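S.K.: Following this line is run38.pdb, made up of PDB, C-alpha atoms and all ligand atoms:
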```pdb
MODEL        1
ATOM      1  CA  MET A   1       0.000   0.000   0.000
ATOM      2  CA  ASP A   2       1.464   3.319  -1.031
ATOM      3  CA  HIS A   3       0.321   6.403   0.783
ATOM      4  CA  ALA A   4       1.302   8.658  -2.063
ATOM      5  CA  PRO A   5       1.148   7.730  -5.728
ATOM      6  CA  GLU A   6       4.365   6.329  -7.061
ATOM      7  CA  ARG A   7       5.913   8.333  -9.805
ATOM      8  CA  ARG A   8       6.616   5.828 -12.511
ATOM      9  CA  ILE A   9       9.951   6.572 -14.030
ATOM     10  CA  ARG A  10       9.389   8.264 -17.321
ATOM     11  CA  PRO A  11      11.465   6.982 -20.222
ATOM     12  CA  THR A  12      14.576   8.966 -20.984
ATOM     13  CA  ALA A  13      14.318  11.474 -23.794
ATOM     14  CA  LEU A  14      16.022   9.060 -26.179
ATOM     15  CA  LEU A  15      13.733   6.190 -25.253
ATOM     16  CA  ALA A  16      10.749   8.492 -25.520
ATOM     17  CA  LEU A  17      11.833   9.425 -29.031
ATOM     18  CA  LEU A  18      12.248   5.774 -30.000
ATOM     19  CA  LEU A  19       8.845   4.962 -28.513
ATOM     20  CA  ALA A  20       7.234   7.870 -30.306
ATOM     21  CA  THR A  21       8.488   6.585 -33.624
ATOM     22  CA  ALA A  22       7.614   2.952 -32.806
ATOM     23  CA  THR A  23       4.068   3.544 -31.567
ATOM     24  CA  ALA A  24       1.856   6.348 -32.739
ATOM     25  CA  HIS A  25      -0.346   6.620 -29.643
ATOM     26  CA  ALA A  26       1.630   5.398 -26.616
ATOM     27  CA  ALA A  27       1.068   8.469 -24.497
ATOM     28  CA  GLY A  28      -0.414   7.212 -21.232
ATOM     29  CA  PHE A  29      -2.332   9.268 -18.700
ATOM     30  CA  ASP A  30      -1.834  11.814 -15.948
ATOM     31  CA  ILE A  31      -4.479  11.477 -13.206
ATOM     32  CA  THR A  32      -4.737  14.510 -10.884
ATOM     33  CA  PRO A  33      -7.279  14.172  -8.047
ATOM     34  CA  LEU A  34      -8.906  17.566  -7.366
ATOM     35  CA  GLY A  35     -10.868  15.984  -4.531
ATOM     36  CA  THR A  36     -10.910  12.478  -3.094
ATOM     37  CA  HIS A  37     -13.307  12.157  -0.141
ATOM     38  CA  GLY A  38     -16.797  10.691  -0.123
ATOM     39  CA  GLY A  39     -18.326  13.342   2.129
ATOM     40  CA  LEU A  40     -17.941  15.867   4.939
ATOM     41  CA  THR A  41     -15.006  17.871   3.539
ATOM     42  CA  ASP A  42     -16.584  20.303   1.083
ATOM     43  CA  GLY A  43     -13.125  21.346  -0.190
ATOM     44  CA  ASN A  44     -12.080  17.775  -1.041
ATOM     45  CA  LEU A  45     -14.896  15.825  -2.745
ATOM     46  CA  SER A  46     -14.655  13.419  -5.702
ATOM     47  CA  ALA A  47     -13.143  14.963  -8.850
ATOM     48  CA  TYR A  48     -10.371  13.486 -11.040
ATOM     49  CA  LEU A  49      -8.647  15.435 -13.805
ATOM     50  CA  ILE A  50      -7.430  13.067 -16.530
ATOM     51  CA  ARG A  51      -5.317  13.927 -19.567
ATOM     52  CA  ASP A  52      -2.803  12.553 -22.022
ATOM     53  CA  HIS A  53       0.786  12.889 -20.688
ATOM     54  CA  ASN A  54       1.669  15.239 -23.506
ATOM     55  CA  SER A  55      -1.464  17.360 -23.730
ATOM     56  CA  PRO A  56      -2.915  20.131 -21.541
ATOM     57  CA  ASN A  57      -6.442  19.207 -22.629
ATOM     58  CA  ALA A  58      -8.233  17.351 -19.861
ATOM     59  CA  ILE A  59     -11.518  15.824 -18.815
ATOM     60  CA  LEU A  60     -12.857  15.960 -15.264
ATOM     61  CA  CYS A  61     -14.411  12.725 -13.962
ATOM     62  CA  ASP A  62     -16.913  13.916 -11.361
ATOM     63  CA  ALA A  63     -16.847  17.457 -10.033
ATOM     64  CA  GLY A  64     -17.429  17.426  -6.265
ATOM     65  CA  THR A  65     -14.596  19.911  -5.697
ATOM     66  CA  ILE A  66     -13.030  22.018  -8.448
ATOM     67  CA  LEU A  67     -11.385  25.315  -7.462
ATOM     68  CA  PRO A  68      -9.817  24.267  -4.115
ATOM     69  CA  GLY A  69      -8.456  21.145  -5.848
ATOM     70  CA  LEU A  70      -7.043  23.167  -8.758
ATOM     71  CA  GLU A  71      -5.332  25.505  -6.261
ATOM     72  CA  ILE A  72      -3.711  22.618  -4.350
ATOM     73  CA  ALA A  73      -2.731  20.761  -7.546
ATOM     74  CA  THR A  74      -1.222  23.975  -8.975
ATOM     75  CA  ARG A  75       0.829  24.403  -5.775
ATOM     76  CA  ASP A  76       2.003  20.799  -6.084
ATOM     77  CA  GLY A  77       3.191  21.422  -9.656
ATOM     78  CA  ALA A  78       0.555  19.332 -11.453
ATOM     79  CA  PHE A  79       0.242  21.899 -14.241
ATOM     80  CA  ASN A  80       3.854  23.083 -14.562
ATOM     81  CA  ASP A  81       3.939  21.681 -18.094
ATOM     82  CA  ILE A  82       0.928  23.746 -19.198
ATOM     83  CA  PRO A  83       2.115  27.146 -20.473
ATOM     84  CA  GLN A  84      -0.071  30.195 -19.907
ATOM     85  CA  PRO A  85       0.213  33.138 -22.320
ATOM     86  CA  ALA A  86       1.973  36.167 -20.797
ATOM     87  CA  THR A  87      -1.032  38.284 -21.760
ATOM     88  CA  SER A  88      -3.435  36.146 -19.685
ATOM     89  CA  THR A  89      -4.745  37.845 -16.547
ATOM     90  CA  LEU A  90      -6.187  34.610 -15.159
ATOM     91  CA  THR A  91      -4.848  32.835 -12.090
ATOM     92  CA  LYS A  92      -3.282  29.482 -12.962
ATOM     93  CA  PRO A  93      -6.273  27.542 -11.528
ATOM     94  CA  GLY A  94      -8.538  29.878 -13.493
ATOM     95  CA  TYR A  95      -6.568  29.207 -16.653
ATOM     96  CA  ILE A  96      -6.679  25.417 -16.157
ATOM     97  CA  LEU A  97     -10.432  25.557 -15.549
ATOM     98  CA  THR A  98     -11.254  27.706 -18.553
ATOM     99  CA  HIS A  99      -8.638  26.507 -21.052
ATOM    100  CA  ALA A 100      -7.493  22.972 -20.142
ATOM    101  CA  ILE A 101     -10.640  21.234 -18.865
ATOM    102  CA  LYS A 102     -12.662  20.479 -21.986
ATOM    103  CA  ALA A 103     -15.480  18.305 -20.616
ATOM    104  CA  TYR A 104     -17.147  16.977 -17.478
ATOM    105  CA  LEU A 105     -17.990  13.303 -17.040
ATOM    106  CA  ILE A 106     -20.486  12.870 -14.200
ATOM    107  CA  SER A 107     -20.968   9.383 -12.725
ATOM    108  CA  HIS A 108     -24.172  10.295 -10.856
ATOM    109  CA  ALA A 109     -25.796  13.447  -9.531
ATOM    110  CA  HIS A 110     -25.135  13.034  -5.804
ATOM    111  CA  MET A 111     -23.962  16.321  -4.294
ATOM    112  CA  ASP A 112     -20.449  15.096  -3.439
ATOM    113  CA  HIS A 113     -19.894  14.582  -7.196
ATOM    114  CA  ILE A 114     -21.364  17.844  -8.532
ATOM    115  CA  ALA A 115     -21.014  20.563  -5.862
ATOM    116  CA  GLY A 116     -17.824  21.985  -7.413
ATOM    117  CA  LEU A 117     -19.441  22.123 -10.847
ATOM    118  CA  VAL A 118     -22.407  24.082  -9.495
ATOM    119  CA  ALA A 119     -20.124  26.460  -7.560
ATOM    120  CA  ILE A 120     -17.806  27.203 -10.499
ATOM    121  CA  SER A 121     -20.475  27.338 -13.216
ATOM    122  CA  PRO A 122     -21.035  31.135 -13.318
ATOM    123  CA  ASP A 123     -17.355  31.646 -14.254
ATOM    124  CA  ASP A 124     -16.863  28.574 -16.414
ATOM    125  CA  THR A 125     -16.420  28.353 -20.186
ATOM    126  CA  LEU A 126     -18.674  26.462 -22.605
ATOM    127  CA  LYS A 127     -18.397  22.742 -21.924
ATOM    128  CA  PRO A 128     -20.194  19.460 -22.542
ATOM    129  CA  ILE A 129     -21.452  17.347 -19.627
ATOM    130  CA  TYR A 130     -21.140  13.668 -20.537
ATOM    131  CA  ALA A 131     -23.261  11.244 -18.506
ATOM    132  CA  LEU A 132     -25.779   8.448 -18.808
ATOM    133  CA  PRO A 133     -29.225   9.885 -19.708
ATOM    134  CA  GLU A 134     -30.561   9.281 -16.153
ATOM    135  CA  THR A 135     -27.777  11.386 -14.611
ATOM    136  CA  ASN A 136     -28.196  14.267 -17.069
ATOM    137  CA  ALA A 137     -31.954  14.170 -16.442
ATOM    138  CA  ALA A 138     -31.356  14.409 -12.676
ATOM    139  CA  LEU A 139     -29.092  17.464 -13.159
ATOM    140  CA  GLN A 140     -31.673  19.079 -15.430
ATOM    141  CA  GLN A 141     -34.662  18.445 -13.164
ATOM    142  CA  ASN A 142     -33.116  18.888  -9.717
ATOM    143  CA  ILE A 143     -30.132  21.243  -9.991
ATOM    144  CA  PHE A 144     -30.008  23.542 -13.043
ATOM    145  CA  ASN A 145     -33.727  24.352 -12.812
ATOM    146  CA  TRP A 146     -33.771  28.052 -11.694
ATOM    147  CA  GLN A 147     -34.836  26.948  -8.178
ATOM    148  CA  ILE A 148     -31.696  25.282  -6.855
ATOM    149  CA  TRP A 149     -29.450  27.087  -9.368
ATOM    150  CA  PRO A 150     -29.792  29.072 -12.615
ATOM    151  CA  ASN A 151     -30.189  26.899 -15.704
ATOM    152  CA  LEU A 152     -26.737  27.274 -17.248
ATOM    153  CA  THR A 153     -27.446  24.328 -19.558
ATOM    154  CA  ASP A 154     -29.080  23.803 -22.927
ATOM    155  CA  GLN A 155     -32.132  21.837 -21.745
ATOM    156  CA  GLY A 156     -34.905  22.088 -19.160
ATOM    157  CA  ALA A 157     -36.318  25.217 -17.505
ATOM    158  CA  GLN A 158     -36.380  28.463 -19.497
ATOM    159  CA  PRO A 159     -34.399  30.569 -20.034
ATOM    160  CA  ARG A 160     -31.520  28.271 -20.927
ATOM    161  CA  LEU A 161     -28.142  29.958 -20.690
ATOM    162  CA  ASN A 162     -26.380  27.309 -22.872
ATOM    163  CA  ARG A 163     -23.041  27.285 -21.061
ATOM    164  CA  TYR A 164     -23.174  23.523 -20.565
ATOM    165  CA  THR A 165     -24.377  21.069 -23.185
ATOM    166  CA  TYR A 166     -25.857  17.801 -21.963
ATOM    167  CA  GLN A 167     -24.339  14.889 -23.868
ATOM    168  CA  ASN A 168     -26.112  11.609 -23.160
ATOM    169  CA  LEU A 169     -23.749   8.659 -23.410
ATOM    170  CA  PRO A 170     -25.117   5.473 -24.969
ATOM    171  CA  PRO A 171     -24.007   2.675 -22.603
ATOM    172  CA  GLU A 172     -21.121   0.455 -23.643
ATOM    173  CA  THR A 173     -20.355   2.522 -26.754
ATOM    174  CA  ALA A 174     -17.126   4.491 -27.242
ATOM    175  CA  THR A 175     -17.734   8.240 -27.692
ATOM    176  CA  PRO A 176     -14.875  10.581 -28.701
ATOM    177  CA  ILE A 177     -14.416  13.645 -26.465
ATOM    178  CA  PRO A 178     -13.562  16.582 -28.766
ATOM    179  CA  GLN A 179     -10.228  18.421 -28.298
ATOM    180  CA  THR A 180      -8.803  15.776 -25.939
ATOM    181  CA  GLY A 181      -7.792  12.813 -28.112
ATOM    182  CA  LEU A 182      -9.650  10.694 -25.540
ATOM    183  CA  SER A 183     -12.794   8.623 -25.847
ATOM    184  CA  VAL A 184     -15.189   7.454 -23.145
ATOM    185  CA  THR A 185     -17.329   4.344 -22.765
ATOM    186  CA  ALA A 186     -19.945   4.358 -19.978
ATOM    187  CA  TYR A 187     -20.959   1.266 -17.990
ATOM    188  CA  PRO A 188     -23.834   1.342 -15.473
ATOM    189  CA  LEU A 189     -23.078   0.746 -11.785
ATOM    190  CA  SER A 190     -25.510   0.017  -8.944
ATOM    191  CA  HIS A 191     -25.333   2.549  -6.109
ATOM    192  CA  GLY A 192     -28.203   1.973  -3.702
ATOM    193  CA  ASN A 193     -31.297   3.503  -5.265
ATOM    194  CA  VAL A 194     -29.259   5.529  -7.772
ATOM    195  CA  LEU A 195     -27.719   4.574 -11.102
ATOM    196  CA  SER A 196     -23.998   5.340 -11.109
ATOM    197  CA  THR A 197     -21.417   5.006 -13.884
ATOM    198  CA  ALA A 198     -17.977   3.634 -14.672
ATOM    199  CA  PHE A 199     -16.075   5.481 -17.403
ATOM    200  CA  LEU A 200     -13.530   3.645 -19.521
ATOM    201  CA  ILE A 201     -11.227   6.389 -20.818
ATOM    202  CA  GLN A 202      -9.201   5.438 -23.878
ATOM    203  CA  ASN A 203      -6.152   7.146 -25.332
ATOM    204  CA  GLY A 204      -5.146   5.282 -28.469
ATOM    205  CA  PRO A 205      -4.575   1.684 -27.331
ATOM    206  CA  ASP A 206      -4.255   2.640 -23.647
ATOM    207  CA  ALA A 207      -7.088   2.810 -21.147
ATOM    208  CA  TYR A 208      -7.907   4.039 -17.650
ATOM    209  CA  LEU A 209     -11.018   2.875 -15.829
ATOM    210  CA  TYR A 210     -12.766   5.294 -13.450
ATOM    211  CA  LEU A 211     -15.554   3.896 -11.287
ATOM    212  CA  GLY A 212     -18.085   6.183  -9.664
ATOM    213  CA  ASP A 213     -19.775   5.113  -6.439
ATOM    214  CA  THR A 214     -20.795   1.466  -6.432
ATOM    215  CA  GLY A 215     -22.020  -1.198  -4.064
ATOM    216  CA  PRO A 216     -21.093  -4.897  -4.253
ATOM    217  CA  ASP A 217     -23.140  -6.977  -6.726
ATOM    218  CA  PRO A 218     -24.490  -9.403  -4.039
ATOM    219  CA  ILE A 219     -25.749  -6.564  -1.818
ATOM    220  CA  GLU A 220     -27.100  -4.559  -4.763
ATOM    221  CA  HIS A 221     -28.762  -7.638  -6.309
ATOM    222  CA  SER A 222     -26.986  -6.614  -9.493
ATOM    223  CA  LYS A 223     -24.554  -7.969 -12.073
ATOM    224  CA  ASN A 224     -23.179  -4.568 -13.057
ATOM    225  CA  LEU A 225     -19.682  -4.983 -11.600
ATOM    226  CA  THR A 226     -19.326  -8.478 -13.059
ATOM    227  CA  THR A 227     -20.529  -7.217 -16.454
ATOM    228  CA  LEU A 228     -18.014  -4.346 -16.293
ATOM    229  CA  TRP A 229     -15.168  -6.721 -15.422
ATOM    230  CA  GLN A 230     -16.110  -8.991 -18.344
ATOM    231  CA  ALA A 231     -16.098  -5.979 -20.683
ATOM    232  CA  ILE A 232     -12.633  -4.774 -19.680
ATOM    233  CA  THR A 233     -10.949  -8.194 -19.390
ATOM    234  CA  PRO A 234      -9.602  -8.098 -23.001
ATOM    235  CA  ILE A 235      -7.947  -4.714 -22.322
ATOM    236  CA  LEU A 236      -6.532  -5.976 -19.024
ATOM    237  CA  ARG A 237      -5.154  -9.099 -20.710
ATOM    238  CA  SER A 238      -3.561  -7.026 -23.485
ATOM    239  CA  GLY A 239      -1.576  -4.978 -20.934
ATOM    240  CA  HIS A 240      -3.206  -1.703 -22.016
ATOM    241  CA  LEU A 241      -5.224  -1.027 -18.865
ATOM    242  CA  LEU A 242      -2.776   1.415 -17.258
ATOM    243  CA  GLY A 243      -4.770   1.911 -14.059
ATOM    244  CA  LEU A 244      -8.168   2.030 -12.440
ATOM    245  CA  SER A 245      -9.848   3.891  -9.616
ATOM    246  CA  ILE A 246     -12.475   2.336  -7.406
ATOM    247  CA  GLU A 247     -14.188   3.424  -4.228
ATOM    248  CA  CYS A 248     -13.825   2.026  -0.727
ATOM    249  CA  SER A 249     -16.060   4.305   1.340
ATOM    250  CA  TYR A 250     -16.142   2.469   4.681
ATOM    251  CA  ASP A 251     -13.949   0.166   6.728
ATOM    252  CA  ASP A 252     -14.984  -3.408   7.437
ATOM    253  CA  SER A 253     -16.651  -2.584  10.754
ATOM    254  CA  ARG A 254     -19.525  -1.178   8.673
ATOM    255  CA  PRO A 255     -22.463  -3.626   8.598
ATOM    256  CA  ASP A 256     -23.531  -4.706   5.102
ATOM    257  CA  LYS A 257     -27.010  -3.295   5.644
ATOM    258  CA  GLN A 258     -25.484   0.160   6.193
ATOM    259  CA  LEU A 259     -23.250   0.263   3.104
ATOM    260  CA  TYR A 260     -25.848   2.381   1.217
ATOM    261  CA  GLY A 261     -24.437   1.449  -2.186
ATOM    262  CA  HIS A 262     -20.739   1.568  -1.304
ATOM    263  CA  LEU A 263     -17.794  -0.823  -0.928
ATOM    264  CA  SER A 264     -15.770  -1.778   2.141
ATOM    265  CA  PRO A 265     -12.372  -3.592   2.049
ATOM    266  CA  HIS A 266     -13.627  -7.184   2.011
ATOM    267  CA  TRP A 267     -16.155  -6.409  -0.728
ATOM    268  CA  LEU A 268     -13.501  -4.480  -2.679
ATOM    269  CA  LEU A 269     -11.087  -7.416  -2.586
ATOM    270  CA  GLN A 270     -13.856  -9.880  -3.423
ATOM    271  CA  THR A 271     -14.844  -8.022  -6.608
ATOM    272  CA  LEU A 272     -11.214  -7.358  -7.658
ATOM    273  CA  ASN A 273     -10.452 -11.058  -7.186
ATOM    274  CA  THR A 274     -13.328 -11.755  -9.607
ATOM    275  CA  LEU A 275     -11.698  -9.456 -12.170
ATOM    276  CA  ASP A 276      -8.317 -11.109 -11.570
ATOM    277  CA  THR A 277      -9.808 -14.565 -12.099
ATOM    278  CA  LEU A 278     -11.423 -13.436 -15.364
ATOM    279  CA  SER A 279      -8.117 -12.089 -16.688
ATOM    280  CA  ASP A 280      -6.416 -15.364 -15.596
ATOM    281  CA  GLN A 281      -2.901 -14.006 -16.159
ATOM    282  CA  HIS A 282      -2.638 -11.933 -12.966
ATOM    283  CA  ALA A 283      -2.445  -8.824 -15.136
ATOM    284  CA  LEU A 284      -4.282  -6.933 -12.407
ATOM    285  CA  ALA A 285      -1.263  -7.202 -10.095
ATOM    286  CA  LYS A 286       0.620  -4.952 -12.534
ATOM    287  CA  THR A 287      -2.180  -2.353 -12.676
ATOM    288  CA  PRO A 288      -2.142   0.525 -10.160
ATOM    289  CA  ILE A 289      -5.473   0.667  -8.303
ATOM    290  CA  LEU A 290      -6.400   4.085  -6.936
ATOM    291  CA  ILE A 291      -8.635   3.926  -3.851
ATOM    292  CA  THR A 292     -11.206   6.732  -3.811
ATOM    293  CA  HIS A 293     -14.208   8.076  -1.902
ATOM    294  CA  ILE A 294     -13.118   7.233   1.662
ATOM    295  CA  LYS A 295     -15.601   8.847   4.055
ATOM    296  CA  PRO A 296     -13.952  10.899   6.821
ATOM    297  CA  THR A 297     -15.436  10.904  10.332
ATOM    298  CA  LEU A 298     -15.832  13.498  13.056
ATOM    299  CA  THR A 299     -14.317  11.207  15.692
ATOM    300  CA  THR A 300     -10.799  11.154  17.122
ATOM    301  CA  GLY A 301      -8.513   8.126  17.076
ATOM    302  CA  THR A 302      -7.418   6.016  14.103
ATOM    303  CA  GLN A 303      -8.848   7.629  10.975
ATOM    304  CA  PRO A 304     -10.858   5.668   8.368
ATOM    305  CA  GLU A 305      -8.118   6.089   5.754
ATOM    306  CA  THR A 306      -5.585   4.322   8.005
ATOM    307  CA  ARG A 307      -7.998   1.560   9.006
ATOM    308  CA  ILE A 308      -9.099   0.979   5.406
ATOM    309  CA  ALA A 309      -5.479   0.844   4.188
ATOM    310  CA  GLN A 310      -4.619  -1.725   6.883
ATOM    311  CA  GLN A 311      -7.678  -3.854   6.178
ATOM    312  CA  ILE A 312      -7.113  -3.836   2.406
ATOM    313  CA  GLU A 313      -3.481  -4.832   2.830
ATOM    314  CA  ALA A 314      -4.406  -7.665   5.236
ATOM    315  CA  LEU A 315      -6.739  -9.099   2.558
ATOM    316  CA  ASN A 316      -4.402  -8.431  -0.391
ATOM    317  CA  THR A 317      -3.386 -12.038  -1.086
ATOM    318  CA  HIS A 318      -3.047 -11.388  -4.857
ATOM    319  CA  HIS A 319      -0.534  -8.558  -4.292
ATOM    320  CA  PHE A 320      -2.497  -5.863  -6.054
ATOM    321  CA  HIS A 321      -0.854  -2.439  -6.147
ATOM    322  CA  PHE A 322      -3.152  -0.155  -4.157
ATOM    323  CA  ILE A 323      -2.665   3.604  -3.883
ATOM    324  CA  ILE A 324      -4.794   5.879  -1.696
ATOM    325  CA  ALA A 325      -5.837   8.911  -3.789
ATOM    326  CA  ARG A 326      -4.496  12.239  -2.491
ATOM    327  CA  GLN A 327      -5.841  15.664  -3.432
ATOM    328  CA  GLY A 328      -3.496  17.411  -5.869
ATOM    329  CA  ILE A 329      -0.982  14.547  -6.171
ATOM    330  CA  THR A 330      -0.703  13.406  -9.794
ATOM    331  CA  LEU A 331      -0.383   9.772 -10.770
ATOM    332  CA  HIS A 332       1.659   9.354 -13.968
ATOM    333  CA  LEU A 333       0.700   6.206 -15.858
ATOM    334  CA  SER A 334       3.021   5.307 -18.713
ATOM    335  CA  PRO A 335       2.452   2.513 -21.210
ATOM    336  CA  PRO A 336       4.706  -0.497 -20.584
ATOM    337  CA  LEU A 337       7.916  -0.673 -22.597
ATOM    338  CA  HIS A 338       7.235  -3.547 -24.996
TER
HETATM  339 ZN    ZN B 401     -20.247   9.846  -3.539
HETATM  340 ZN    ZN B 402     -23.182   8.656  -4.481
ENDMDL
END
```
Can you turn what I pasted into structure tokens?
Ligand SMILES: [Zn+2]
Ligand SMILES: [Zn+2]
M.R.:
Amino acid sequence: MDHAPERRIRPTALLALLLATATAHAAGFDITPLGTHGGLTDGNLSAYLIRDHNSPNAILCDAGTILPGLEIATRDGAFNDIPQPATSTLTKPGYILTHAIKAYLISHAHMDHIAGLVAISPDDTLKPIYALPETNAALQQNIFNWQIWPNLTDQGAQPRLNRYTYQNLPPETATPIPQTGLSVTAYPLSHGNVLSTAFLIQNGPDAYLYLGDTGPDPIEHSKNLTTLWQAITPILRSGHLLGLSIECSYDDSRPDKQLYGHLSPHWLLQTLNTLDTLSDQHALAKTPILITHIKPTLTTGTQPETRIAQQIEALNTHHFHFIIARQGITLHLSPPLH
């Protein structure tokens, strides 16, 4: 268990040049968490900025916290490679928001996944919101409806201010995200009484899998996680799944009947072992697994993050490479050197 993301050693300049000529698309991903918690801390809620190593143009998977996360990530050097014109009067976080983030991908419309989007929207630039139709409908009916917030979108209550464009994702179908070189494929997840989403992000042959909130299949009376694992097994086997993020909201002292559509360590390991069995080559052991959505508490003593890390490691018989997500700390995922 790492407590900060490892920085995979980037190839030397010469190797990078050789790789660039050998493979047209082997660019990998940078994953910058703008917020990682599953509640309580309104400056640190689920939001993950994802981009090609070599491009400033990013997508944001969930948007629970935006500006505080951009400020911390900027301080930690996450955007040092993104030049800002000398004539720009924007702060660096302002520049990243308005010029680098090209699209939002929203897994579900719970507040800890959209609060940052709502807060930043009056100063944002034109952007698409990609989501399953149910999630976009929830945003339209319950948030951007002139009662909770002005309708900055292109559908629903009049007048429509057209800053955000709802883009409904057809499930299990790759959709290109303009200006990013990335594509997204949405898979449904079961999250209590709410439909949630996993996004498979593809960059040429390489892929990163982001899971929104999800409960275990047996508790949810669902096959969604198993179906997702079956869908991504070919990519995992091929060595092109460079990483995945999955939630672990509670520690194992949480009773199953109080999981409310979330995972705890023993359920997390059970479902990842299913994926490992499907791939049958232990490819998952080589894939960094980012743990997200840990719920803080208001109590003193050992914190949930520490307990969850210990419990996961105690159950980690397949030697998976777990990393606890940290706000502002970028995970660099490079394609393997074939
Ligand atoms: Zn959540
Ligand atoms: Zn949720």
S.K.: Name every residue that the PyMOL selection byres (((chain A and resi 327-333) around 9) and not hetatm) selects in this structure, writing the answer as a ChimeraX atom specification with chains first and numbers rising.
M.R.: /A:4-10,27-37,44,53,69-78,242-243,288,325-326,334-335
S.K.: Using all atoms listed in the file, which residues have at least one atom no more than 7 Å from ligand ZN 401 (chain B)? Output them as a PyMOL selection string.
M.R.: chain A and resi 38-39+46+110+112-113+213+293
S.K.: Apply the PyMOL selection byres (((chain A and resi 196-206) around 7) and not hetatm) to the file shown and report the selected residues as a VMD selection string.
M.R.: chain A and resid 25 28 107 to 108 181 to 191 194 to 195 207 to 214 240 to 242
S.K.: Could you check the closest approach to A:Ile177 for each of A:Thr306, A:Asn57, A:Ser222, A:Ser264 and tell me which residue wins, using all atoms listed in the file?
M.R.: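 Selected residue with least distance to A:Ile177: A:Asn57.
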S.K.: Hey, which of A:Ala174, A:Leu263, A:Leu67, A:Ile294 ends up closest to A:Tyr95? Count only C-alpha atoms.
M.R.: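 The shortest atom-to-atom distance to A:Tyr95 comes from A:Leu67.
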S.K.: Expanded to explicit residues, what is the PyMOL selection byres (((chain A and resi 219) around 10) and not hetatm) for this file, as a list in words?
M.R.: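 In the shown coordinates, the PyMOL selection byres (((chain A and resi 219) around 10) and not hetatm) covers Ser190, Gly192, Gly215, Pro216, Asp217, Pro218, Glu220, His221, Ser222, Asp256, Lys257, Leu259, Tyr260, Gly261, His262, Leu263 and Trp267 of chain A.
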S.K.: With all atoms listed in the file as the counted atoms, please give the residues lying no more than 7 Å from A:Thr153, apart from itself and same-chain residues fewer than 6 positions off, as a VMD selection string.
M.R.: chain A and resid 160 to 165
S.K.: So how many Å separate atom CA of A:Arg237 and atom CA of A:Gln281, to one decimal?
M.R.: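 Separating atom CA of A:Arg237 from atom CA of A:Gln281 is a distance of 7.1 Å.
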S.K.: Expressed in Å to a single decimal, how great is the separation between atom CA of A:Asp251 and atom CA of A:Gln311?
M.R.: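 Separation of atom CA of A:Asp251 and atom CA of A:Gln311: 7.5 Å.
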S.K.: How many Å lie between atom CA of A:Leu275 and atom CA of A:Ser238, rounded to one decimal?
M.R.: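 Distance reported for this atom pair: 14.1 Å.
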S.K.: Which residue out of A:Ile106, A:Leu117, A:Leu228, A:Pro56 has the minimum interatomic distance to A:Gln84 when only C-alpha atoms are used?
M.R.: A:Pro56
S.K.: So, counting only C-alpha atoms, which residue among A:Asp62, A:Asp154, A:Glu313, A:Asp280 is closest to A:Lys127?
M.R.: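 That would be A:Asp154, the residue with the smallest distance to A:Lys127.
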S.K.: How big is the axis-aligned box around all listed atoms of stretch 92-100 of chain A once 6 Å goes on each side, and where's its centre, in Å to one decimal, as JSON?
M.R.:
```
{"center_x": -7.3, "center_y": 26.4, "center_z": -16.3, "size_x": 20.0, "size_y": 18.9, "size_z": 21.5}
```
S.K.: Point out the residue among A:Leu45, A:Ile308, A:Leu169, A:Ala86 with the least atom-to-atom distance to ligand ZN 402 (chain B), counting only C-alpha atoms and all ligand atoms.
M.R.: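 Counting only C-alpha atoms and all ligand atoms, the residue closest to ligand ZN 402 (chain B) is A:Leu45.
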S.K.: Pick the closest to A:Cys61 from A:Tyr130, A:Gly94, A:Thr287, A:Ile82: which is it, counting all atoms listed in the file?
M.R.: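 The answer is A:Tyr130, which sits nearest to A:Cys61.
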S.K.: Got a sec: who's within 9 Å of A:His266, counting all atoms listed in the file, leaving out chain neighbours fewer than 4 positions off, as a PDB file with C-alpha atoms, in the frame of the given file?
M.R.:
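Contents of selection08.pdb, freshly written:
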```pdb
ATOM      1  CA  ASP A 251     -13.949   0.166   6.728  1.00  0.00           C
ATOM      2  CA  ASP A 252     -14.984  -3.408   7.437  1.00  0.00           C
ATOM      3  CA  GLN A 270     -13.856  -9.880  -3.423  1.00  0.00           C
ATOM      4  CA  THR A 271     -14.844  -8.022  -6.608  1.00  0.00           C
ATOM      5  CA  GLN A 311      -7.678  -3.854   6.178  1.00  0.00           C
ATOM      6  CA  ILE A 312      -7.113  -3.836   2.406  1.00  0.00           C
ATOM      7  CA  LEU A 315      -6.739  -9.099   2.558  1.00  0.00           C
TER       8      LEU A 315
END
```
